[in-house]
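> One structure is given below, represented as structure tokens, and several questions about it will come after.
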Amino acid sequence: MSIIEVKIPKEVRRHKETIFFGLSVRQFLCAAAAVLIAVGVYLGLGPVLGKETASWLCILCAAPAGVAGFFTYNGMTFEQFVWAVIKSEILCAGGRRFESQNLLYTLTGRKEADDFD
């Protein structure tokens, strides 16, 4: 009699379903978008700028789309990471003043200066 074993990942939340070539749907779509961008840039700018310059522009234009599918940082996707950076560095940037409040003195009605010499 043989025992059937099923491997279960230790962290179930990190499990990603794959569709083509071991890629998830997100990774596959971003890779396909990168290929389409590269082909479009090469065919559109190749006759104008020359093949070598157009091929370098293909890499520069397609890289962000390709990286977006594979990038994760602290469980955030590329879009979530970019939004967090924009929010923390631009929208909510600036000094944050911290002012502590002693709850004991507030509740008892005492002043802090009365307790010290």
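Scheme for the structure tokens: letters A, B, ... for chains in order shown; per-chain residue numbers from 1; ligand numbers from 1 in order shown.
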Determine which residues of region 23-103 of chain A DSSP labels as helix (DSSP H, G or I) from the backbone of this structure, then write them out as a ChimeraX atom specification.

/A:25-49,51-70,78-91,103

> Fewer than 3 positions away in the same chain doesn't count, so skip those; otherwise give me all residues within 12 Å of Leu60 (chain A), counting only C-alpha atoms, as a CSV table (one decimal) with N, CA and C atoms, in the first residue's frame.


```
chain,number,residue,atom,x,y,z
A,34,ALA,N,5.4,44.3,-22.7
A,34,ALA,CA,6.7,44.7,-22.9
A,34,ALA,C,7.2,44.4,-24.4
A,37,ILE,N,5.4,46.7,-26.8
A,37,ILE,CA,6.0,48.1,-26.7
A,37,ILE,C,7.3,48.1,-27.5
A,38,ALA,N,8.1,47.0,-27.3
A,38,ALA,CA,9.4,47.0,-27.9
A,38,ALA,C,9.3,46.9,-29.4
A,41,VAL,N,8.1,50.3,-30.8
A,41,VAL,CA,9.1,51.3,-30.8
A,41,VAL,C,10.1,51.0,-31.9
A,42,TYR,N,10.5,49.7,-32.0
A,42,TYR,CA,11.5,49.4,-33.1
A,42,TYR,C,11.0,49.6,-34.5
A,53,THR,N,20.1,52.7,-32.4
A,53,THR,CA,19.4,53.6,-31.5
A,53,THR,C,18.0,53.1,-31.2
A,54,ALA,N,17.3,52.6,-32.2
A,54,ALA,CA,15.9,52.2,-31.9
A,54,ALA,C,15.9,50.9,-31.0
A,55,SER,N,16.9,50.1,-31.2
A,55,SER,CA,17.0,48.9,-30.3
A,55,SER,C,17.2,49.3,-28.8
A,56,TRP,N,18.1,50.3,-28.6
A,56,TRP,CA,18.3,50.8,-27.2
A,56,TRP,C,17.0,51.4,-26.7
A,57,LEU,N,16.3,52.2,-27.5
A,57,LEU,CA,15.0,52.8,-27.1
A,57,LEU,C,14.0,51.7,-26.8
A,63,ALA,N,11.3,48.0,-20.7
A,63,ALA,CA,11.7,47.6,-19.4
A,63,ALA,C,10.7,47.9,-18.2
A,64,PRO,N,10.2,49.1,-18.1
A,64,PRO,CA,9.2,49.3,-17.0
A,64,PRO,C,8.0,48.4,-17.1
A,65,ALA,N,7.5,48.1,-18.3
A,65,ALA,CA,6.3,47.2,-18.4
A,65,ALA,C,6.7,45.8,-18.0
A,66,GLY,N,7.9,45.3,-18.4
A,66,GLY,CA,8.3,44.0,-18.1
A,66,GLY,C,8.6,43.8,-16.6
A,67,VAL,N,9.2,44.8,-16.0
A,67,VAL,CA,9.5,44.8,-14.6
A,67,VAL,C,8.3,44.8,-13.7
```

> Report, in Å to a single decimal, how far apart CA of Ile59 (chain A) and CA of Leu45 (chain A) are.

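These atoms are spaced 12.9 Å apart.
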
> If you run DSSP on the backbone here, which positions in chain A get strand (DSSP E or B)? Please write them as a list in words.

Phe20, Leu23, Tyr73 and Met76 of chain A

> Selected residues, N, CA and C atoms, written as a PDB file, in the first residue's frame, please.


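Resulting contents of out16.pdb:
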```pdb
ATOM      1  N   PHE A  20       0.999  30.144 -18.278  1.00  0.00           N
ATOM      2  CA  PHE A  20       1.903  29.837 -19.387  1.00  0.00           C
ATOM      3  C   PHE A  20       3.342  29.898 -18.919  1.00  0.00           C
ATOM      4  N   LEU A  23       4.474  31.241 -15.574  1.00  0.00           N
ATOM      5  CA  LEU A  23       4.219  32.643 -15.241  1.00  0.00           C
ATOM      6  C   LEU A  23       2.786  32.815 -14.771  1.00  0.00           C
ATOM      7  N   TYR A  73       7.546  44.157  -3.498  1.00  0.00           N
ATOM      8  CA  TYR A  73       8.307  44.697  -2.375  1.00  0.00           C
ATOM      9  C   TYR A  73       7.377  44.739  -1.172  1.00  0.00           C
ATOM     10  N   MET A  76       3.807  44.289  -1.963  1.00  0.00           N
ATOM     11  CA  MET A  76       3.157  45.268  -2.825  1.00  0.00           C
ATOM     12  C   MET A  76       3.553  45.012  -4.276  1.00  0.00           C
TER      13      MET A  76
END
```

> I'd like the interatomic distance between CA of Leu36 (chain A) and CA of Ala84 (chain A), to a tenth of an Å.

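For CA of Leu36 (chain A) relative to CA of Ala84 (chain A), the distance reads 27.9 Å.
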